[in-house]
Amino acid sequence: MLVVGMLATASTALLLNGAAFLIPALQDQRGLSLAAAGVVVAMPTTGIVLTLFAWGAVVDRIGERRALVAGSALTAASAFAAAATTGVVPFAVFLLLGGMCAASVNSATGRVVVGWFPPHRRGLAMGIRQMSLPLGVALSALTVPGLAREYGVAAAMLLPAIAAAVSALACLVAVYDPPRPSRAAASSAALLQNPYRGRTDLWRIHAASVALVVPQYVVWTFALVWLIDRQEWSAAAAGVVITVAQICGAVGRTIAGAVSDRVGSRLGPMRVVAVLVVSTMAALAVTDALNTEVAVVALVIASVATVSPNGLAFTAVAERAGPFWSGRALGAQNTAQFVAASAVPPTFGALITHSSYTVAFAASAAIALLAVPIVPRER
């Protein structure tokens, strides 16, 4: 079930994050500006924002397996429809619908891991599950630019469509809902109470995660364009670098999860990683300003650091919310993150257009700095 959860998450990453690698093709083939292309590729993350909490409530009500099968199948249908259209507006609409359907995967796969793995192994298991996101981005970086360049934007959309269809079938066959207490037993144990009332820990984790997701999406969205325009690399070479960076980021997530199991804390390691995110993005801004090749190394390190906090925050939220609220809590966690992520492509695209990459990297470092004091202390 962990492997199938990874497959489901990776297949949605091909749509949600792989869309960013369509920017050069949208500019060349459909005549869009960088800012306009940024708006189009932000549609999947905009869609996921609209339905994450609703899908979390669905998971709390009907279980993980049904939500995964239905969401993955609808994601596949939306991606196939996007591949079949040639207009910019219909393409953006189907990307939006795909993001709305893909939201089912986030809460459901997180609950599968938390429900089936004990606490002393949960951080590592969630880190492995979280590997699937950068691995999906890595696969996108390796394949989507070339497919879009050689065969067109529509052909590139077949990759997430087929992956989501395979994911739906795999979830139908292999995923089982984890056990949880009856509602009567949960009521006597106070597990049905709203975990947001009278507490600030979940709110603070959400806020810190929002601040940390901005540099993550700045790197994911503009790394390919930065390597091509600023460093004058070919699209193929740039795709290889991003692929390597995302694979390293996947390993970083696993290591962060294993460390959290070892020290018995999710939030302590999350605070340390937040400091690393600020440092690496600041280093990227400085090296880009100096126009040195060391900036590529800084980009790779920043790619690893910026994806590392997600699994820690995700696990902490699920553990604190409990089995009857974790779907909605994880939905709220990802909704807050994707609201910020949806604003990154158009906002930072305009910032880069009217200023520079250096300013964009420095601004994302400053936003990440806000997370360091917000991460709550372990009780």
# chains A, B, ... in the order shown; residues from 1 in each chain; ligands from 1

call {"tool": "residues_around", "arguments": {"residues": "Ala332 in chain A", "least_positions_apart": "2", "cutoff": "12 Å", "atoms": "only C-alpha atoms", "output": "number ranges by chain"}}
result
A: 48-57, 103, 106-107, 196, 202-203, 205-207, 209-210, 314, 317-318, 321, 325-330, 334-339

call {"tool": "residues_around", "arguments": {"residues": "Ala295 in chain A", "least_positions_apart": "3", "cutoff": "10 Å", "atoms": "only C-alpha atoms", "output": "list in words"}}
result
Leu227, Gln231, Ala283, Leu284, Ala285, Val286, Thr287, Asp288, Ala289, Leu290, Asn291, Thr292, Ala298, Leu299, Val300 and Ile301 of chain A

call {"tool": "write_last_selection", "arguments": {"atoms": "all heavy atoms", "output": "mmCIF file, in the first residue's frame"}}
result
data_model
loop_
_atom_site.group_PDB
_atom_site.id
_atom_site.type_symbol
_atom_site.label_atom_id
_atom_site.label_comp_id
_atom_site.auth_asym_id
_atom_site.auth_seq_id
_atom_site.Cartn_x
_atom_site.Cartn_y
_atom_site.Cartn_z
ATOM 1 N N LEU A 227 17.751 27.970 -16.025
ATOM 2 C CA LEU A 227 18.918 27.299 -16.604
ATOM 3 C C LEU A 227 19.044 27.592 -18.104
ATOM 4 O O LEU A 227 20.155 27.749 -18.622
ATOM 5 C CB LEU A 227 18.824 25.784 -16.372
ATOM 6 C CG LEU A 227 19.102 25.305 -14.951
ATOM 7 C CD1 LEU A 227 18.713 23.832 -14.804
ATOM 8 C CD2 LEU A 227 20.573 25.495 -14.580
ATOM 9 N N GLN A 231 21.536 30.687 -17.584
ATOM 10 C CA GLN A 231 22.787 29.932 -17.693
ATOM 11 C C GLN A 231 23.081 29.472 -19.123
ATOM 12 O O GLN A 231 24.127 28.885 -19.376
ATOM 13 C CB GLN A 231 22.728 28.708 -16.763
ATOM 14 C CG GLN A 231 22.553 29.050 -15.292
ATOM 15 C CD GLN A 231 23.735 29.806 -14.725
ATOM 16 O OE1 GLN A 231 24.887 29.496 -15.035
ATOM 17 N NE2 GLN A 231 23.472 30.821 -13.901
ATOM 18 N N ALA A 283 21.824 31.772 -0.632
ATOM 19 C CA ALA A 283 23.037 31.460 -1.394
ATOM 20 C C ALA A 283 22.758 31.446 -2.891
ATOM 21 O O ALA A 283 23.578 31.910 -3.698
ATOM 22 C CB ALA A 283 23.589 30.103 -0.948
ATOM 23 N N LEU A 284 21.593 30.945 -3.277
ATOM 24 C CA LEU A 284 21.225 30.941 -4.698
ATOM 25 C C LEU A 284 21.079 32.361 -5.222
ATOM 26 O O LEU A 284 21.521 32.675 -6.336
ATOM 27 C CB LEU A 284 19.925 30.160 -4.886
ATOM 28 C CG LEU A 284 19.375 30.090 -6.307
ATOM 29 C CD1 LEU A 284 20.379 29.480 -7.269
ATOM 30 C CD2 LEU A 284 18.064 29.292 -6.331
ATOM 31 N N ALA A 285 20.484 33.239 -4.433
ATOM 32 C CA ALA A 285 20.325 34.633 -4.845
ATOM 33 C C ALA A 285 21.681 35.311 -5.026
ATOM 34 O O ALA A 285 21.909 36.034 -6.009
ATOM 35 C CB ALA A 285 19.483 35.394 -3.814
ATOM 36 N N VAL A 286 22.594 35.075 -4.088
ATOM 37 C CA VAL A 286 23.921 35.704 -4.153
ATOM 38 C C VAL A 286 24.701 35.203 -5.358
ATOM 39 O O VAL A 286 25.299 35.986 -6.109
ATOM 40 C CB VAL A 286 24.699 35.444 -2.846
ATOM 41 C CG1 VAL A 286 26.147 35.895 -2.988
ATOM 42 C CG2 VAL A 286 24.031 36.156 -1.676
ATOM 43 N N THR A 287 24.726 33.892 -5.565
ATOM 44 C CA THR A 287 25.494 33.331 -6.682
ATOM 45 C C THR A 287 24.887 33.711 -8.028
ATOM 46 O O THR A 287 25.607 33.887 -9.016
ATOM 47 C CB THR A 287 25.586 31.801 -6.558
ATOM 48 O OG1 THR A 287 24.261 31.252 -6.391
ATOM 49 C CG2 THR A 287 26.433 31.413 -5.360
ATOM 50 N N ASP A 288 23.552 33.864 -8.076
ATOM 51 C CA ASP A 288 22.939 34.321 -9.316
ATOM 52 C C ASP A 288 23.303 35.770 -9.593
ATOM 53 O O ASP A 288 23.560 36.146 -10.747
ATOM 54 C CB ASP A 288 21.421 34.168 -9.235
ATOM 55 C CG ASP A 288 20.734 34.664 -10.500
ATOM 56 O OD1 ASP A 288 20.891 34.018 -11.548
ATOM 57 O OD2 ASP A 288 20.058 35.711 -10.433
ATOM 58 N N ALA A 289 23.341 36.590 -8.553
ATOM 59 C CA ALA A 289 23.731 37.992 -8.732
ATOM 60 C C ALA A 289 25.153 38.106 -9.246
ATOM 61 O O ALA A 289 25.471 38.998 -10.042
ATOM 62 C CB ALA A 289 23.582 38.752 -7.414
ATOM 63 N N LEU A 290 26.027 37.197 -8.800
ATOM 64 C CA LEU A 290 27.423 37.193 -9.255
ATOM 65 C C LEU A 290 27.582 36.543 -10.620
ATOM 66 O O LEU A 290 28.682 36.571 -11.198
ATOM 67 C CB LEU A 290 28.298 36.459 -8.236
ATOM 68 C CG LEU A 290 28.375 37.103 -6.836
ATOM 69 C CD1 LEU A 290 29.177 36.208 -5.890
ATOM 70 C CD2 LEU A 290 29.000 38.491 -6.921
ATOM 71 N N ASN A 291 26.490 35.914 -11.131
ATOM 72 C CA ASN A 291 26.499 35.272 -12.444
ATOM 73 C C ASN A 291 27.621 34.243 -12.566
ATOM 74 O O ASN A 291 28.376 34.204 -13.543
ATOM 75 C CB ASN A 291 26.620 36.309 -13.562
ATOM 76 C CG ASN A 291 26.203 35.736 -14.915
ATOM 77 O OD1 ASN A 291 25.448 34.755 -14.981
ATOM 78 N ND2 ASN A 291 26.690 36.343 -15.990
ATOM 79 N N THR A 292 27.736 33.407 -11.562
ATOM 80 C CA THR A 292 28.758 32.371 -11.530
ATOM 81 C C THR A 292 28.129 31.004 -11.735
ATOM 82 O O THR A 292 26.944 30.792 -11.440
ATOM 83 C CB THR A 292 29.510 32.401 -10.188
ATOM 84 O OG1 THR A 292 30.381 31.281 -10.109
ATOM 85 C CG2 THR A 292 28.536 32.348 -9.014
ATOM 86 N N ALA A 298 24.194 25.701 -6.264
ATOM 87 C CA ALA A 298 23.286 26.265 -5.256
ATOM 88 C C ALA A 298 21.841 25.895 -5.572
ATOM 89 O O ALA A 298 21.046 25.631 -4.661
ATOM 90 C CB ALA A 298 23.457 27.777 -5.187
ATOM 91 N N LEU A 299 21.488 25.871 -6.859
ATOM 92 C CA LEU A 299 20.135 25.495 -7.255
ATOM 93 C C LEU A 299 19.823 24.055 -6.853
ATOM 94 O O LEU A 299 18.738 23.759 -6.335
ATOM 95 C CB LEU A 299 19.964 25.660 -8.763
ATOM 96 C CG LEU A 299 18.625 25.193 -9.337
ATOM 97 C CD1 LEU A 299 17.513 26.143 -8.920
ATOM 98 C CD2 LEU A 299 18.691 25.068 -10.850
ATOM 99 N N VAL A 300 20.766 23.158 -7.084
ATOM 100 C CA VAL A 300 20.561 21.752 -6.733
ATOM 101 C C VAL A 300 20.392 21.594 -5.221
ATOM 102 O O VAL A 300 19.484 20.894 -4.746
ATOM 103 C CB VAL A 300 21.734 20.892 -7.236
ATOM 104 C CG1 VAL A 300 21.608 19.458 -6.730
ATOM 105 C CG2 VAL A 300 21.793 20.916 -8.761
ATOM 106 N N ILE A 301 21.242 22.266 -4.448
ATOM 107 C CA ILE A 301 21.140 22.182 -2.985
ATOM 108 C C ILE A 301 19.822 22.772 -2.501
ATOM 109 O O ILE A 301 19.158 22.212 -1.622
ATOM 110 C CB ILE A 301 22.334 22.895 -2.328
ATOM 111 C CG1 ILE A 301 23.648 22.205 -2.720
ATOM 112 C CG2 ILE A 301 22.189 22.914 -0.807
ATOM 113 C CD1 ILE A 301 24.884 22.927 -2.241
#

call {"tool": "residues_around", "arguments": {"residues": "range 304-307 of chain A", "least_positions_apart": "5", "cutoff": "7 Å", "atoms": "only C-alpha atoms", "output": "list of chain:residue names"}}
result
A:Pro215, A:Gln216, A:Ala245, A:Gln246, A:Cys248, A:Gly249, A:Gly252, A:Arg253, A:Val273, A:Leu276, A:Val277

call {"tool": "write_last_selection", "arguments": {"atoms": "N, CA, C and O atoms", "output": "PDB file, in the first residue's frame"}}
result
ATOM      1  N   PRO A 215       9.478  29.109  -1.512  1.00  0.00           N
ATOM      2  CA  PRO A 215      10.733  28.832  -2.219  1.00  0.00           C
ATOM      3  C   PRO A 215      10.729  27.492  -2.950  1.00  0.00           C
ATOM      4  O   PRO A 215      11.373  27.346  -4.001  1.00  0.00           O
ATOM      5  N   GLN A 216      10.002  26.516  -2.420  1.00  0.00           N
ATOM      6  CA  GLN A 216       9.914  25.229  -3.101  1.00  0.00           C
ATOM      7  C   GLN A 216       9.320  25.390  -4.495  1.00  0.00           C
ATOM      8  O   GLN A 216       9.847  24.863  -5.486  1.00  0.00           O
ATOM      9  N   ALA A 245      18.391  16.808  -9.244  1.00  0.00           N
ATOM     10  CA  ALA A 245      18.060  17.579  -8.048  1.00  0.00           C
ATOM     11  C   ALA A 245      16.817  17.026  -7.362  1.00  0.00           C
ATOM     12  O   ALA A 245      16.761  16.933  -6.128  1.00  0.00           O
ATOM     13  N   GLN A 246      15.813  16.636  -8.136  1.00  0.00           N
ATOM     14  CA  GLN A 246      14.590  16.115  -7.553  1.00  0.00           C
ATOM     15  C   GLN A 246      14.810  14.741  -6.926  1.00  0.00           C
ATOM     16  O   GLN A 246      14.218  14.426  -5.880  1.00  0.00           O
ATOM     17  N   CYS A 248      17.623  13.747  -5.565  1.00  0.00           N
ATOM     18  CA  CYS A 248      18.300  14.067  -4.304  1.00  0.00           C
ATOM     19  C   CYS A 248      17.305  14.598  -3.275  1.00  0.00           C
ATOM     20  O   CYS A 248      17.394  14.282  -2.077  1.00  0.00           O
ATOM     21  N   GLY A 249      16.340  15.392  -3.730  1.00  0.00           N
ATOM     22  CA  GLY A 249      15.308  15.890  -2.825  1.00  0.00           C
ATOM     23  C   GLY A 249      14.457  14.771  -2.262  1.00  0.00           C
ATOM     24  O   GLY A 249      14.059  14.810  -1.086  1.00  0.00           O
ATOM     25  N   GLY A 252      16.361  13.273   0.438  1.00  0.00           N
ATOM     26  CA  GLY A 252      16.361  14.177   1.577  1.00  0.00           C
ATOM     27  C   GLY A 252      15.099  14.064   2.404  1.00  0.00           C
ATOM     28  O   GLY A 252      15.136  14.116   3.641  1.00  0.00           O
ATOM     29  N   ARG A 253      13.958  13.890   1.770  1.00  0.00           N
ATOM     30  CA  ARG A 253      12.703  13.721   2.499  1.00  0.00           C
ATOM     31  C   ARG A 253      12.730  12.447   3.338  1.00  0.00           C
ATOM     32  O   ARG A 253      12.261  12.435   4.486  1.00  0.00           O
ATOM     33  N   VAL A 273      15.375  22.241   9.265  1.00  0.00           N
ATOM     34  CA  VAL A 273      15.260  22.276   7.805  1.00  0.00           C
ATOM     35  C   VAL A 273      14.829  23.658   7.327  1.00  0.00           C
ATOM     36  O   VAL A 273      15.284  24.134   6.283  1.00  0.00           O
ATOM     37  N   LEU A 276      17.774  25.715   6.949  1.00  0.00           N
ATOM     38  CA  LEU A 276      18.518  25.321   5.747  1.00  0.00           C
ATOM     39  C   LEU A 276      17.876  25.899   4.481  1.00  0.00           C
ATOM     40  O   LEU A 276      18.586  26.300   3.553  1.00  0.00           O
ATOM     41  N   VAL A 277      16.553  25.945   4.442  1.00  0.00           N
ATOM     42  CA  VAL A 277      15.866  26.511   3.276  1.00  0.00           C
ATOM     43  C   VAL A 277      16.234  27.975   3.108  1.00  0.00           C
ATOM     44  O   VAL A 277      16.562  28.437   2.006  1.00  0.00           O
TER      45      VAL A 277
END

call {"tool": "closest_residue", "arguments": {"among": "A:Gly38, A:Gly5, A:Gly123, A:Pro24", "to": "Pro345 in chain A", "atoms": "only C-alpha atoms"}}
result
A:Gly38

call {"tool": "atom_distance", "arguments": {"atom1": "CA of Leu172 in chain A", "atom2": "CA of Val69 in chain A"}}
result
5.9 Å
